[in-house]
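Participant: Mind looking over this structure? Questions follow.
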Amino acid sequence: MKYSIIVPVYNRPDEVDELLQSLCGQTFKDFEVLIVEDGSVKPCKDVCDKYASILDLHYYAKENSGPGQSRNYGADRAQGEWLIILDSDVVVPEGYLLAVNEKLRINNSDQIAAFGGPDAAHPSFTPIQKAISYSMTSFFTTGGIRGGKKKLDKFYPRSFNMGIRRDVYQQLGGFSKMRFGEDIDFSYRIVEAGHQTMLIPEAWVWHKRRTDLKKFFRQVYNSGIARINLTKRHPGTLKLVHLLPTVFTVGVIGLLLLLCLGIALYAEGEWLDANGLRPTDNMHQGVGFMFCILALLPLLLYSLIIFIDSSIRNKSLWVGLLSIPAAFTQLMGYGLGFIKAWWKRCVLKQDEFTAFEKNFYK
């Protein structure tokens with residue numbers, strides 16, 4: 001068998017239904033599917049039973065241990081030469097496996113240890129899902145490193161769309177026990193072991209990501225924490241692009257403080273003027289107004305750029321408008337998580353498991 005598709009699942013039966021339905025339409029048929037139920041309260045066994053006669057499908061239920069260990073559980077039971085890791089919230093186009101197989105054939109698959117592909121928003125996704133997808137892939141938010149077709153640095157596959165040769169997977173011991181960031185950790189270990197990775201732009205998936213901004217904030221907040229943990233595990237992997245959300249976060253907080261100061265000064269000027277203590281054109285009001293303008297102008301300019309770019313890309317003014325809070329959530333959530341992890345790991349010198357046991361390791 002050529003490919004084993006492994007999908008860890010936690011309380012997402014509806015999403016699994018859509019994923020399995022899309023796998024039924026693959027033009028390349030030499031594959032099996034392993035669904036690993038990770039201690040779900042809402043299991044997807046009934047959904048899997050619907051496709052048992054259509055797909056070479058194997059369903060497993062186990063106690064909750066996190067996505068990484070669930071992928072390892074599936075890998076131990078897989079039969080394919082290649083293991084393809086997908087998130088349960090993706091949908092694959094019908095030519096996905098065909099594109100993977102053709103690209104590996106052309107590039108001599110013996111020389112490639114792992115591959116990955118980009119993600120995109122499906123036209124049927126809700127406006128907020130499209131806005132979140134935009135914020136994760138836009139040049140103006142992440143530098144386009146999540147959704148671009150070209151990579152300026154080494155390519156590190158992510159677990160929403162990741163393939164790895166079975167022998168390499170076994171050699172490296174699969175995913176670590178990190179609760180979050182375990183896919184990047186695995187990709188780093190693949191490259192550090194001297195193996196070659198490859199981006200396959202044609203092997204893209206539709207990725208739903210989170211369905212509201214609260215869940216999205218928690219996701220990117222944990223990603224910011226994971227970045228510090230990854231840097232501790234893999235020194236030298238922290239790049240400038242990883243620092244930009246933190247710089248943005250500090251900048252926004254600084255601008256908001258400047259705005260508050262400006263409002264306070266302007267209000268004080270109004271009070272002084274009302275009580276006859278200053279002339280009408282007193283300095284407090286002028287300085288306060290200037291501070292407000294200096295604070296608001298960068299925020300409004302950035303919001304306008306996001307609105308215009310997202311509206312054009314998504315052909316929707318509403319998605320463009322929603323992309324503004326999504327972009328701020330993306331950058332500031334990541335930045336705040338990064339700052340918290342930096343404080344705990346680098347300043348307080350706490351170890352990874354002690355510092356974030358509640359977040360990742362329960």
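Residue numbering restarts at 1 for every chain of the structure tokens, chains are lettered A, B, ... in their displayed order, and ligands are numbered from 1 as they appear.
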Could you write out, as a count of residues only, all the residues of range 49-242 of chain A that DSSP marks as strand (DSSP E or B)?
Facilitator: 29
Participant: Give me the residues near Gly163 in chain A as a ChimeraX atom specification, where near means some atom within 7 Å (using only C-alpha atoms) and where sequence neighbours in that chain fewer than 6 positions away do not count.
Facilitator: /A:82-85,114-116
Participant: Which residues are close to range 194-209 of chain A, i.e. within 8 Å by only C-alpha atoms, leaving aside same-chain residues fewer than 5 positions away? Reply as a PyMOL selection string.
Facilitator: chain A and resi 89-93+95-97+99-100+103+111-122+125+129+132-133+149+154-157+160-161+216
Participant: List as a Markdown table every residue of range 71-94 of chain A that is in contact with range 27-34 of chain A, defined as an atom at most 8 Å from one of its atoms (using only C-alpha atoms), together with the nearest atom pair and the distance in Å rounded to one decimal, sorted by chain and then rising number.
Facilitator:
| residue | atom | partner | partner_atom | distance |
| --- | --- | --- | --- | --- |
| A:Gly74 | CA | A:Leu34 | CA | 6.3 |
| A:Ala78 | CA | A:Leu34 | CA | 7.4 |
| A:Gly80 | CA | A:Phe31 | CA | 7.3 |
| A:Glu94 | CA | A:Thr27 | CA | 6.0 |
Participant: What does the structure give for the distance between CA of Leu300 in chain A and CA of Lys239 in chain A, in Å to one decimal?
Facilitator: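 About the pair CA of Leu300 in chain A and CA of Lys239 in chain A: they are 27.8 Å apart.
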Participant: CA of Gly66 in chain A to CA of Arg179 in chain A: how many Å, to one decimal?
Facilitator: 6.0 Å
Participant: Would you mind telling me which residue in A:Ala61, A:Ala267, A:Leu331, A:Leu336 lies nearest to Gly39 in chain A when using only C-alpha atoms?
Facilitator: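 When distances to Gly39 in chain A are compared using only C-alpha atoms, the smallest one comes from A:Ala61.
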Participant: Based on the backbone DSSP call, show me all residues of range 142-343 of chain A assigned helix (DSSP H, G or I), as an NGL selection string.
Facilitator: :A and (142 or 166-172 or 182-192 or 213-233 or 240-274 or 283-314 or 317-343)
Participant: I'd like the contact shell of Arg12 in chain A - 9 Å cut-off, only C-alpha atoms, skipping same-chain residues fewer than 3 positions apart - returned as a ChimeraX atom specification.
Facilitator: /A:9,15-17,40,42-44,88-89
Participant: Output N, CA and C atoms for every residue in that selection, as a tab-separated table (two decimals), in the first residue's frame.
Facilitator:
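As written to disk, out-v7.tsv reads:
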chain	number	residue	atom	x	y	z
A	9	VAL	N	-8.76	12.68	16.11
A	9	VAL	CA	-10.06	13.33	16.21
A	9	VAL	C	-10.42	13.56	17.68
A	15	GLU	N	-17.06	17.23	11.19
A	15	GLU	CA	-15.90	17.52	10.36
A	15	GLU	C	-15.32	16.25	9.74
A	16	VAL	N	-15.29	15.17	10.53
A	16	VAL	CA	-14.80	13.90	10.02
A	16	VAL	C	-15.66	13.43	8.86
A	17	ASP	N	-16.95	13.65	8.94
A	17	ASP	CA	-17.87	13.27	7.87
A	17	ASP	C	-17.48	13.97	6.57
A	40	SER	N	-12.77	11.21	22.79
A	40	SER	CA	-13.87	12.14	22.53
A	40	SER	C	-15.11	11.82	23.34
A	42	LYS	N	-17.92	13.16	22.08
A	42	LYS	CA	-18.78	12.99	20.91
A	42	LYS	C	-18.03	12.17	19.87
A	43	PRO	N	-18.10	10.86	19.93
A	43	PRO	CA	-17.33	10.02	19.02
A	43	PRO	C	-17.85	10.08	17.58
A	44	CYS	N	-17.01	9.66	16.66
A	44	CYS	CA	-17.38	9.70	15.24
A	44	CYS	C	-17.49	8.29	14.65
A	88	SER	N	-8.53	16.93	11.42
A	88	SER	CA	-9.91	16.53	11.16
A	88	SER	C	-10.74	17.64	10.55
A	89	ASP	N	-10.25	18.90	10.62
A	89	ASP	CA	-11.03	20.02	10.10
A	89	ASP	C	-10.59	20.43	8.70
Participant: Using only C-alpha atoms, which residue out of A:Ser4, A:Ser310, A:Gly333, A:Gly251 lies closest to Leu57 in chain A?
Facilitator: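 Looking at the shortest contact to Leu57 in chain A, the residue is A:Ser4.
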Participant: Would you please work out which residue, of A:Leu230, A:Cys24, A:Val41, A:Phe217, is nearest to Leu55 in chain A when using only C-alpha atoms?
Facilitator: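 Ranked by minimum distance to Leu55 in chain A, first place goes to A:Cys24.
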Participant: Can you pull out the residues contacting Leu255 in chain A? Cut-off 9 Å, using only C-alpha atoms, and skip same-chain residues under 2 positions away; I want them as a ChimeraX atom specification.
Facilitator: /A:250-253,257-260,292,294-296,298-299
Participant: What does the structure give for the distance between CA of Ile339 in chain A and CA of Thr246 in chain A, in Å to one decimal?
Facilitator: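 Between CA of Ile339 in chain A and CA of Thr246 in chain A the gap works out to 7.1 Å.
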Participant: Here is a test: counting only C-alpha atoms, which residue of A:Ser303, A:Lys45, A:Tyr51, A:Glu192 is nearest to Gly25 in chain A?
Facilitator: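 That would be A:Tyr51, the residue with the smallest distance to Gly25 in chain A.
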Participant: Identify which of the residues A:Ile225, A:Leu244, A:Ala75, A:Tyr10 lies closest to Val168 in chain A, counting only C-alpha atoms when measuring atom-to-atom distances.
Facilitator: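 Residue with the minimum atom-to-atom distance to Val168 in chain A: A:Ala75.
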Participant: I want to know what sits within 12 Å of Ile305 in chain A, based on only C-alpha atoms, with residues of the same chain fewer than 5 positions away left out; could you give that as a list of chain:residue names?
Facilitator: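 My list of contacting residues is A:Ser138, A:Phe139, A:Phe140, A:Thr141, A:Pro298, A:Leu299, A:Leu300, A:Ser310, A:Ser311, A:Ile312, A:Gly320, A:Leu321, A:Ser323, A:Ile324, A:Ala327.
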Participant: Next, write the just-selected residues to a file, as a PDB file, in the first residue's frame, keeping N, CA and C atoms as the atom set.
Facilitator:
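Produced file result_37.pdb, reproduced below:
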ATOM      1  N   SER A 138      -2.017  35.667   5.196  1.00  0.00           N
ATOM      2  CA  SER A 138      -1.730  36.920   4.502  1.00  0.00           C
ATOM      3  C   SER A 138      -0.302  37.403   4.747  1.00  0.00           C
ATOM      4  N   PHE A 139       0.247  38.057   3.762  1.00  0.00           N
ATOM      5  CA  PHE A 139       1.559  38.687   3.908  1.00  0.00           C
ATOM      6  C   PHE A 139       1.544  39.747   4.999  1.00  0.00           C
ATOM      7  N   PHE A 140       0.403  40.420   5.188  1.00  0.00           N
ATOM      8  CA  PHE A 140       0.317  41.516   6.144  1.00  0.00           C
ATOM      9  C   PHE A 140       0.108  41.050   7.587  1.00  0.00           C
ATOM     10  N   THR A 141       0.019  39.760   7.800  1.00  0.00           N
ATOM     11  CA  THR A 141      -0.141  39.242   9.163  1.00  0.00           C
ATOM     12  C   THR A 141       0.986  38.262   9.529  1.00  0.00           C
ATOM     13  N   PRO A 298      -1.654  54.975  13.044  1.00  0.00           N
ATOM     14  CA  PRO A 298      -1.080  53.682  12.627  1.00  0.00           C
ATOM     15  C   PRO A 298      -2.095  52.546  12.703  1.00  0.00           C
ATOM     16  N   LEU A 299      -2.948  52.553  13.731  1.00  0.00           N
ATOM     17  CA  LEU A 299      -3.941  51.496  13.886  1.00  0.00           C
ATOM     18  C   LEU A 299      -4.960  51.542  12.757  1.00  0.00           C
ATOM     19  N   LEU A 300      -5.407  52.750  12.409  1.00  0.00           N
ATOM     20  CA  LEU A 300      -6.387  52.897  11.333  1.00  0.00           C
ATOM     21  C   LEU A 300      -5.771  52.560   9.976  1.00  0.00           C
ATOM     22  N   SER A 310      -7.970  42.021   2.132  1.00  0.00           N
ATOM     23  CA  SER A 310      -8.846  40.869   2.353  1.00  0.00           C
ATOM     24  C   SER A 310     -10.119  40.960   1.514  1.00  0.00           C
ATOM     25  N   SER A 311     -10.664  42.149   1.379  1.00  0.00           N
ATOM     26  CA  SER A 311     -11.875  42.326   0.567  1.00  0.00           C
ATOM     27  C   SER A 311     -11.620  41.934  -0.878  1.00  0.00           C
ATOM     28  N   ILE A 312     -10.450  42.296  -1.390  1.00  0.00           N
ATOM     29  CA  ILE A 312     -10.105  41.955  -2.771  1.00  0.00           C
ATOM     30  C   ILE A 312      -9.877  40.453  -2.905  1.00  0.00           C
ATOM     31  N   GLY A 320     -13.722  41.235   4.500  1.00  0.00           N
ATOM     32  CA  GLY A 320     -12.656  42.215   4.690  1.00  0.00           C
ATOM     33  C   GLY A 320     -12.766  42.911   6.028  1.00  0.00           C
ATOM     34  N   LEU A 321     -13.988  43.239   6.428  1.00  0.00           N
ATOM     35  CA  LEU A 321     -14.202  43.898   7.717  1.00  0.00           C
ATOM     36  C   LEU A 321     -13.889  42.952   8.871  1.00  0.00           C
ATOM     37  N   SER A 323     -11.841  40.590   8.830  1.00  0.00           N
ATOM     38  CA  SER A 323     -10.418  40.279   8.826  1.00  0.00           C
ATOM     39  C   SER A 323      -9.623  41.229   9.720  1.00  0.00           C
ATOM     40  N   ILE A 324     -10.187  42.395  10.010  1.00  0.00           N
ATOM     41  CA  ILE A 324      -9.490  43.346  10.886  1.00  0.00           C
ATOM     42  C   ILE A 324      -9.369  42.794  12.303  1.00  0.00           C
ATOM     43  N   ALA A 327      -7.111  39.703  12.282  1.00  0.00           N
ATOM     44  CA  ALA A 327      -5.677  39.993  12.180  1.00  0.00           C
ATOM     45  C   ALA A 327      -5.104  40.429  13.521  1.00  0.00           C
TER      46      ALA A 327
END
Participant: Name the closest residue to Gly286 in chain A among the candidates A:Ala264, A:Val47, A:Ile54, A:Ala193; distances are taken between atoms, counting only C-alpha atoms.
Facilitator: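 For Gly286 in chain A, the nearest of the given residues is A:Ala264.
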